[in-house]
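Novice: This is run.cif, which holds mmCIF, C-alpha atoms:
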data_protein
loop_
_atom_site.label_atom_id
_atom_site.label_comp_id
_atom_site.auth_asym_id
_atom_site.auth_seq_id
_atom_site.Cartn_x
_atom_site.Cartn_y
_atom_site.Cartn_z
CA MET A 1 31.85 8.31 -103.40
CA LYS A 2 29.41 6.51 -105.69
CA PRO A 3 30.77 3.46 -107.54
CA ARG A 4 32.11 4.26 -110.98
CA VAL A 5 30.38 2.29 -113.74
CA LEU A 6 31.39 1.58 -117.33
CA VAL A 7 28.39 0.99 -119.62
CA GLY A 8 28.94 -0.68 -122.96
CA CYS A 9 29.09 -3.73 -125.20
CA PRO A 10 30.62 -5.25 -128.31
CA THR A 11 28.81 -4.17 -131.46
CA SER A 12 28.94 -4.35 -135.25
CA TYR A 13 26.99 -3.13 -138.26
CA HIS A 14 24.44 -5.89 -137.55
CA LYS A 15 23.11 -3.70 -134.71
CA GLU A 16 22.88 -0.45 -136.67
CA TYR A 17 19.10 -0.88 -136.96
CA CYS A 18 18.64 -0.12 -133.24
CA PHE A 19 21.49 2.35 -132.69
CA ASP A 20 19.28 5.44 -132.32
CA GLU A 21 17.19 3.85 -129.56
CA TYR A 22 20.31 2.68 -127.73
CA LEU A 23 21.93 6.09 -128.05
CA LYS A 24 18.92 7.74 -126.44
CA ALA A 25 18.78 5.12 -123.67
CA VAL A 26 22.43 5.28 -122.58
CA LYS A 27 22.54 9.07 -122.69
CA ASN A 28 19.41 9.28 -120.52
CA LEU A 29 20.56 7.00 -117.70
CA THR A 30 19.92 8.82 -114.42
CA TYR A 31 22.98 7.58 -112.50
CA ASP A 32 25.57 10.32 -112.13
CA ASN A 33 28.87 8.42 -112.19
CA TYR A 34 29.08 6.39 -115.39
CA ASP A 35 30.88 6.40 -118.71
CA ILE A 36 29.94 4.78 -122.01
CA LEU A 37 32.21 2.74 -124.28
CA LEU A 38 31.33 0.58 -127.27
CA VAL A 39 33.73 -1.78 -129.02
CA GLU A 40 32.89 -1.92 -132.72
CA ASN A 41 34.21 -5.00 -134.52
CA SER A 42 32.91 -4.89 -138.11
CA GLU A 43 35.32 -5.65 -140.93
CA ASN A 44 35.13 -2.06 -142.22
CA ASP A 45 34.85 1.30 -140.39
CA ASN A 46 31.47 2.52 -141.65
CA PHE A 47 29.48 1.80 -138.49
CA PHE A 48 32.46 2.69 -136.29
CA ASN A 49 32.52 6.17 -137.80
CA LYS A 50 28.79 6.58 -137.28
CA ILE A 51 29.10 5.64 -133.61
CA LYS A 52 32.17 7.86 -133.14
CA SER A 53 30.15 10.93 -134.01
CA LYS A 54 27.69 10.14 -131.20
CA LEU A 55 29.30 7.98 -128.47
CA PRO A 56 32.72 6.92 -127.17
CA VAL A 57 33.90 3.91 -129.18
CA ILE A 58 37.06 1.95 -129.90
CA LYS A 59 37.77 -0.46 -132.73
CA GLY A 60 37.80 -4.12 -131.77
CA PRO A 61 39.56 -6.97 -133.58
CA TYR A 62 37.76 -8.48 -136.57
CA ASP A 63 37.31 -12.20 -137.08
CA GLU A 64 34.96 -14.11 -139.37
CA SER A 65 33.52 -15.86 -136.32
CA ALA A 66 30.91 -13.77 -134.49
CA ARG A 67 31.65 -15.55 -131.23
CA GLU A 68 35.35 -14.75 -131.56
CA ARG A 69 34.68 -11.08 -132.33
CA ILE A 70 32.37 -10.82 -129.34
CA ILE A 71 34.72 -12.32 -126.76
CA MET A 72 37.70 -10.29 -127.94
CA SER A 73 35.64 -7.10 -127.72
CA ARG A 74 34.07 -7.96 -124.38
CA ASN A 75 37.45 -8.80 -122.89
CA LEU A 76 38.65 -5.33 -123.92
CA LEU A 77 35.75 -3.88 -121.93
CA LYS A 78 36.65 -6.16 -119.04
CA GLU A 79 40.20 -4.77 -118.94
CA LYS A 80 38.96 -1.17 -119.18
CA THR A 81 36.69 -1.81 -116.19
CA ILE A 82 39.40 -3.41 -114.07
CA GLU A 83 41.72 -0.48 -114.78
CA ASN A 84 39.36 2.42 -114.09
CA TYR A 85 35.94 1.38 -112.79
CA ASP A 86 34.12 -0.48 -110.02
CA TYR A 87 31.48 -2.12 -112.22
CA PHE A 88 30.82 -3.01 -115.83
CA LEU A 89 27.21 -2.73 -117.00
CA SER A 90 27.10 -5.09 -119.96
CA LEU A 91 24.26 -3.56 -121.94
CA GLU A 92 23.86 -4.96 -125.43
CA GLN A 93 22.94 -2.52 -128.14
CA ASP A 94 19.54 -4.12 -128.80
CA VAL A 95 18.55 -4.03 -125.10
CA ILE A 96 16.84 -0.88 -123.80
CA PRO A 97 16.69 -0.62 -119.98
CA PRO A 98 14.78 1.62 -117.57
CA SER A 99 16.68 4.87 -117.08
CA ASN A 100 17.37 4.15 -113.39
CA ILE A 101 18.80 0.67 -114.01
CA ILE A 102 22.15 1.36 -112.35
CA GLU A 103 20.60 2.74 -109.15
CA LEU A 104 18.23 -0.23 -108.94
CA PHE A 105 21.05 -2.73 -109.37
CA LEU A 106 23.37 -1.02 -106.89
CA GLU A 107 20.70 -1.07 -104.18
CA HIS A 108 21.35 -4.79 -103.72
CA ASP A 109 25.13 -4.62 -103.32
CA LYS A 110 25.67 -7.81 -105.35
CA LYS A 111 28.71 -8.70 -107.43
CA VAL A 112 26.65 -9.95 -110.41
CA ILE A 113 23.06 -8.85 -111.02
CA SER A 114 20.93 -9.11 -114.13
CA GLY A 115 17.66 -7.66 -115.32
CA ILE A 116 14.86 -9.24 -117.35
CA TYR A 117 14.78 -9.33 -121.14
CA PHE A 118 13.39 -11.91 -123.51
CA ASN A 119 14.62 -13.86 -126.49
CA ARG A 120 12.91 -16.27 -128.88
CA ASP A 121 13.38 -19.96 -128.18
CA LEU A 122 14.96 -21.39 -131.33
CA LYS A 123 12.76 -24.51 -131.24
CA THR A 124 9.36 -23.26 -130.03
CA ARG A 125 9.70 -19.58 -131.11
CA ASN A 126 8.18 -18.64 -127.76
CA LEU A 127 9.55 -15.65 -125.84
CA THR A 128 11.84 -16.81 -123.03
CA PRO A 129 13.43 -14.70 -120.28
CA LEU A 130 17.22 -14.97 -120.31
CA ALA A 131 17.43 -15.68 -116.59
CA TYR A 132 17.58 -19.23 -115.28
CA ILE A 133 17.08 -20.86 -111.89
CA GLU A 134 19.11 -23.86 -110.77
CA LEU A 135 17.39 -27.24 -110.57
CA PRO A 136 18.60 -30.12 -108.38
CA LYS A 137 21.55 -31.89 -109.93
CA GLU A 138 21.24 -35.47 -111.03
CA LYS A 139 23.72 -37.93 -109.61
CA GLY A 140 27.10 -37.54 -111.30
CA GLU A 141 26.28 -34.21 -112.96
CA GLU A 142 28.99 -31.56 -112.77
CA LEU A 143 26.64 -28.74 -113.73
CA PRO A 144 23.03 -28.30 -112.69
CA SER A 145 20.02 -28.34 -114.96
CA MET A 146 18.09 -25.08 -115.06
CA ARG A 147 14.78 -23.51 -116.02
CA SER A 148 13.70 -20.06 -117.12
CA LEU A 149 11.97 -17.79 -114.64
CA THR A 150 8.21 -18.27 -114.55
CA ASP A 151 5.69 -15.51 -115.27
CA SER A 152 4.92 -15.13 -111.57
CA GLU A 153 8.62 -14.80 -110.75
CA ILE A 154 9.09 -12.21 -113.49
CA LEU A 155 6.15 -10.17 -112.19
CA SER A 156 7.17 -10.47 -108.52
CA ASP A 157 9.53 -7.45 -108.55
CA LYS A 158 11.77 -9.46 -106.23
CA LEU A 159 15.48 -10.20 -106.16
CA ILE A 160 15.92 -13.83 -107.20
CA LYS A 161 19.05 -15.95 -107.10
CA ILE A 162 19.73 -17.48 -110.52
CA VAL A 163 22.42 -19.65 -112.05
CA SER A 164 22.73 -18.24 -115.57
CA CYS A 165 21.74 -15.15 -117.53
CA GLY A 166 22.31 -13.38 -120.80
CA LEU A 167 24.97 -10.70 -121.01
CA GLY A 168 22.54 -8.23 -122.53
CA CYS A 169 21.76 -6.51 -119.24
CA VAL A 170 24.01 -7.44 -116.31
CA LEU A 171 26.06 -5.44 -113.80
CA ILE A 172 29.39 -7.11 -112.95
CA HIS A 173 31.80 -6.01 -110.22
CA LYS A 174 35.46 -5.72 -111.16
CA ASP A 175 36.35 -8.36 -108.52
CA ILE A 176 34.43 -10.87 -110.62
CA LEU A 177 36.01 -9.65 -113.85
CA LYS A 178 39.45 -10.31 -112.37
CA LYS A 179 38.50 -13.97 -111.92
CA ILE A 180 37.06 -14.75 -115.35
CA ILE A 181 37.69 -14.34 -119.05
CA PHE A 182 34.84 -14.09 -121.52
CA ARG A 183 35.10 -17.21 -123.64
CA TYR A 184 33.29 -19.90 -125.58
CA GLU A 185 34.01 -23.48 -126.64
CA LYS A 186 34.11 -24.21 -130.35
CA ASP A 187 32.46 -27.62 -130.01
CA LYS A 188 29.49 -26.20 -128.08
CA ASP A 189 26.60 -24.34 -129.70
CA ALA A 190 26.60 -21.49 -127.19
CA PHE A 191 27.90 -17.95 -126.79
CA ASP A 192 29.98 -16.46 -124.00
CA ASP A 193 27.02 -15.72 -121.75
CA ARG A 194 26.49 -19.45 -121.15
CA PHE A 195 30.14 -19.97 -120.23
CA PHE A 196 30.04 -16.89 -118.01
CA GLY A 197 27.37 -18.65 -115.94
CA ILE A 198 29.29 -21.93 -115.95
CA ASP A 199 32.53 -20.29 -114.83
CA LEU A 200 30.82 -18.38 -112.01
CA TYR A 201 29.12 -21.60 -110.86
CA LYS A 202 32.48 -23.37 -110.71
CA LEU A 203 33.91 -20.42 -108.75
CA ASN A 204 30.95 -20.57 -106.35
CA GLU A 205 30.04 -16.99 -107.26
CA SER A 206 26.33 -16.14 -107.21
CA ILE A 207 24.23 -14.42 -109.86
CA TYR A 208 21.05 -12.54 -108.99
CA CYS A 209 18.18 -11.16 -111.02
CA ASP A 210 16.36 -7.96 -110.08
CA THR A 211 12.94 -8.60 -111.59
CA ARG A 212 12.03 -4.91 -111.24
CA VAL A 213 14.42 -4.24 -114.12
CA LYS A 214 12.50 -5.15 -117.27
CA CYS A 215 14.10 -4.23 -120.58
CA LYS A 216 12.97 -3.98 -124.18
CA HIS A 217 14.79 -6.32 -126.56
CA PHE A 218 14.76 -5.54 -130.29
CA ILE A 219 14.36 -9.12 -131.46
CA LEU A 220 11.28 -8.60 -133.61
CA ASN A 221 12.93 -5.74 -135.53
CA ARG A 222 16.16 -7.65 -136.16
CA PRO A 223 16.95 -7.66 -139.90
CA TYR A 224 18.95 -10.89 -139.68
CA GLU A 225 18.88 -14.31 -138.01
CA TRP A 226 21.71 -15.48 -135.76
CA LYS A 227 21.62 -18.83 -137.55
CA ASP A 228 22.71 -17.01 -140.72
CA ILE A 229 25.83 -15.52 -139.09
CA LYS A 230 29.01 -17.56 -138.84
CA LYS A 231 29.56 -18.43 -135.21
#
Using structure tokens, write down the structure from this file.
Specialist:
Amino acid sequence: MKPRVLVGCPTSYHKEYCFDEYLKAVKNLTYDNYDILLVENSENDNFFNKIKSKLPVIKGPYDESARERIIMSRNLLKEKTIENYDYFLSLEQDVIPPSNIIELFLEHDKKVISGIYFNRDLKTRNLTPLAYIELPKEKGEELPSMRSLTDSEILSDKLIKIVSCGLGCVLIHKDILKKIIFRYEKDKDAFDDRFFGIDLYKLNESIYCDTRVKCKHFILNRPYEWKDIKK
């Protein structure tokens, strides 16, 4: 029997601007054994009710901190996956994948596998792929340094071992979800995707990137800046 996959993400009214595109994308996935579930965590129910008329959704806990809302919602999805599914496809609402993303990922039989999507570097404003390769550790370092994939690596259509990735487009096996909790550290300026990579590194669990899977990311259309949202 084909692995059962849960597709979803935390969301809030901030992502309403790209809901129609996401709706079309998740309904048109070509894999034949998946379910969809969003966790909506806005303070009110306006966007929740909009989603409910189109897609499966549950209400997540609200907190003033965006990072807190996100981890609480993503951990709900983690528990749903462990209970009823083989994999969780963490697909953020502003990330639009190829329709055969699940089949492509499953070909590799990896526990954690990401695709390619880009974000803007906060300092340079350049587009940067959210997939990072490990660099040699300096003496005394607990965690390795890392670099983004190069253009040639992105265009290679190869499977590449990486050390960190965004959670916008990543397939995670339930065996991994049983070992981790989505989290962040208040004194660090980072979201849960960074700590996901750190925790897997400490567990000696590998992350891979399938560079065939290239996704659209609605960063240019975004009607807000992350710096303006309370972390």
Novice: Name all residues at most 10 Å from stretch 196-202 of chain A (count all atoms listed in the file; drop same-chain ones fewer than 6 positions away) and give them as JSON, numbers by chain.
Specialist: {"A": [112, 132, 142, 143, 144, 162, 163, 164, 165, 166, 167, 176, 179, 180, 181, 182, 183, 184]}
Novice: Name the residues captured by the PyMOL selection byres ((chain A and resi 117) around 8) when it is applied to the shown file; answer as a compact mmCIF listing (two decimals) with C-alpha atoms, keeping the file's coordinate frame.
Specialist:
# COMPACT_ATOMS: atom_id res chain seq x y z
CA VAL A 95 18.55 -4.03 -125.10
CA GLY A 115 17.66 -7.66 -115.32
CA ILE A 116 14.86 -9.24 -117.35
CA PHE A 118 13.39 -11.91 -123.51
CA ASN A 119 14.62 -13.86 -126.49
CA PRO A 129 13.43 -14.70 -120.28
CA LEU A 130 17.22 -14.97 -120.31
CA GLY A 168 22.54 -8.23 -122.53
CA CYS A 169 21.76 -6.51 -119.24
CA LYS A 214 12.50 -5.15 -117.27
CA CYS A 215 14.10 -4.23 -120.58
CA LYS A 216 12.97 -3.98 -124.18
CA HIS A 217 14.79 -6.32 -126.56
Novice: Residues within 12 Å of (35.0, -16.6, -136.1), file coordinates, counting all atoms listed in the file: what are they? Give the list as a list in words.
Specialist: Asn41, Glu43, Pro61, Tyr62, Asp63, Glu64, Ser65, Ala66, Arg67, Glu68, Arg69, Ile70, Ile71, Met72, Tyr184, Glu185, Lys186, Phe191, Ile229, Lys230 and Lys231 of chain A
Novice: Please indicate the distance in Å from atom CA of A:Gly60 to atom CA of A:Asn33, rounded to one decimal place.
Specialist: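 Taking atom CA of A:Gly60 and atom CA of A:Asn33, their separation equals 24.9 Å.
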Novice: Which residues are close to A:Arg4, i.e. within 7 Å by all atoms listed in the file, leaving aside same-chain residues fewer than 5 positions away? Reply as a count of residues only.
Specialist: 5
Novice: Just the number, please: distance in Å from atom CA of A:Pro10 to atom CA of A:Ser42, one decimal.
Specialist: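 Interatomic distance here is 10.1 Å.
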Novice: Pick the closest to A:Asp210 from A:Glu141, A:Glu134, A:Asp187, A:Glu107: which is it, counting all atoms listed in the file?
Specialist: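 Closest to A:Asp210 of all the choices is A:Glu107.
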Novice: Find the residues near A:Lys161: any atom within 8 Å, counting only C-alpha atoms, skip ones fewer than 5 places away on the same chain, and give them as a PyMOL selection string.
Specialist: chain A and resi 133+206-209
Novice: Using atom CA of A:Leu106 and atom CA of A:Lys2 as the two end points, give the distance in Å to one decimal.
Specialist: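 These atoms are spaced 9.7 Å apart.
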Novice: Could you work out an axis-aligned box for stretch 139-157 of chain A, taking every atom the file lists and adding 6 Å on each side, and report centre and edge lengths in Å to one decimal, as AutoDock Vina command-line options?
Specialist:
--center_x 17.0 --center_y -22.7 --center_z -112.8 --size_x 36.1 --size_y 42.5 --size_z 20.6
Novice: Evaluated on this file, the PyMOL selection byres ((chain A and resi 7) around 12) picks out some residues - which ones are they, written as a PyMOL selection string?
Specialist: chain A and resi 4-6+8-10+22-23+25-27+29+31+33-39+55-57+74+77-78+80-81+85-93+97+101-102+168-172
Novice: Apply the PyMOL selection byres ((chain A and resi 15-21) around 9) to the displayed file and report the matching residues as an MDAnalysis selection string.
Specialist: chainID A and resid 11:14 22:26 47 51 93:94 96 218 221:223
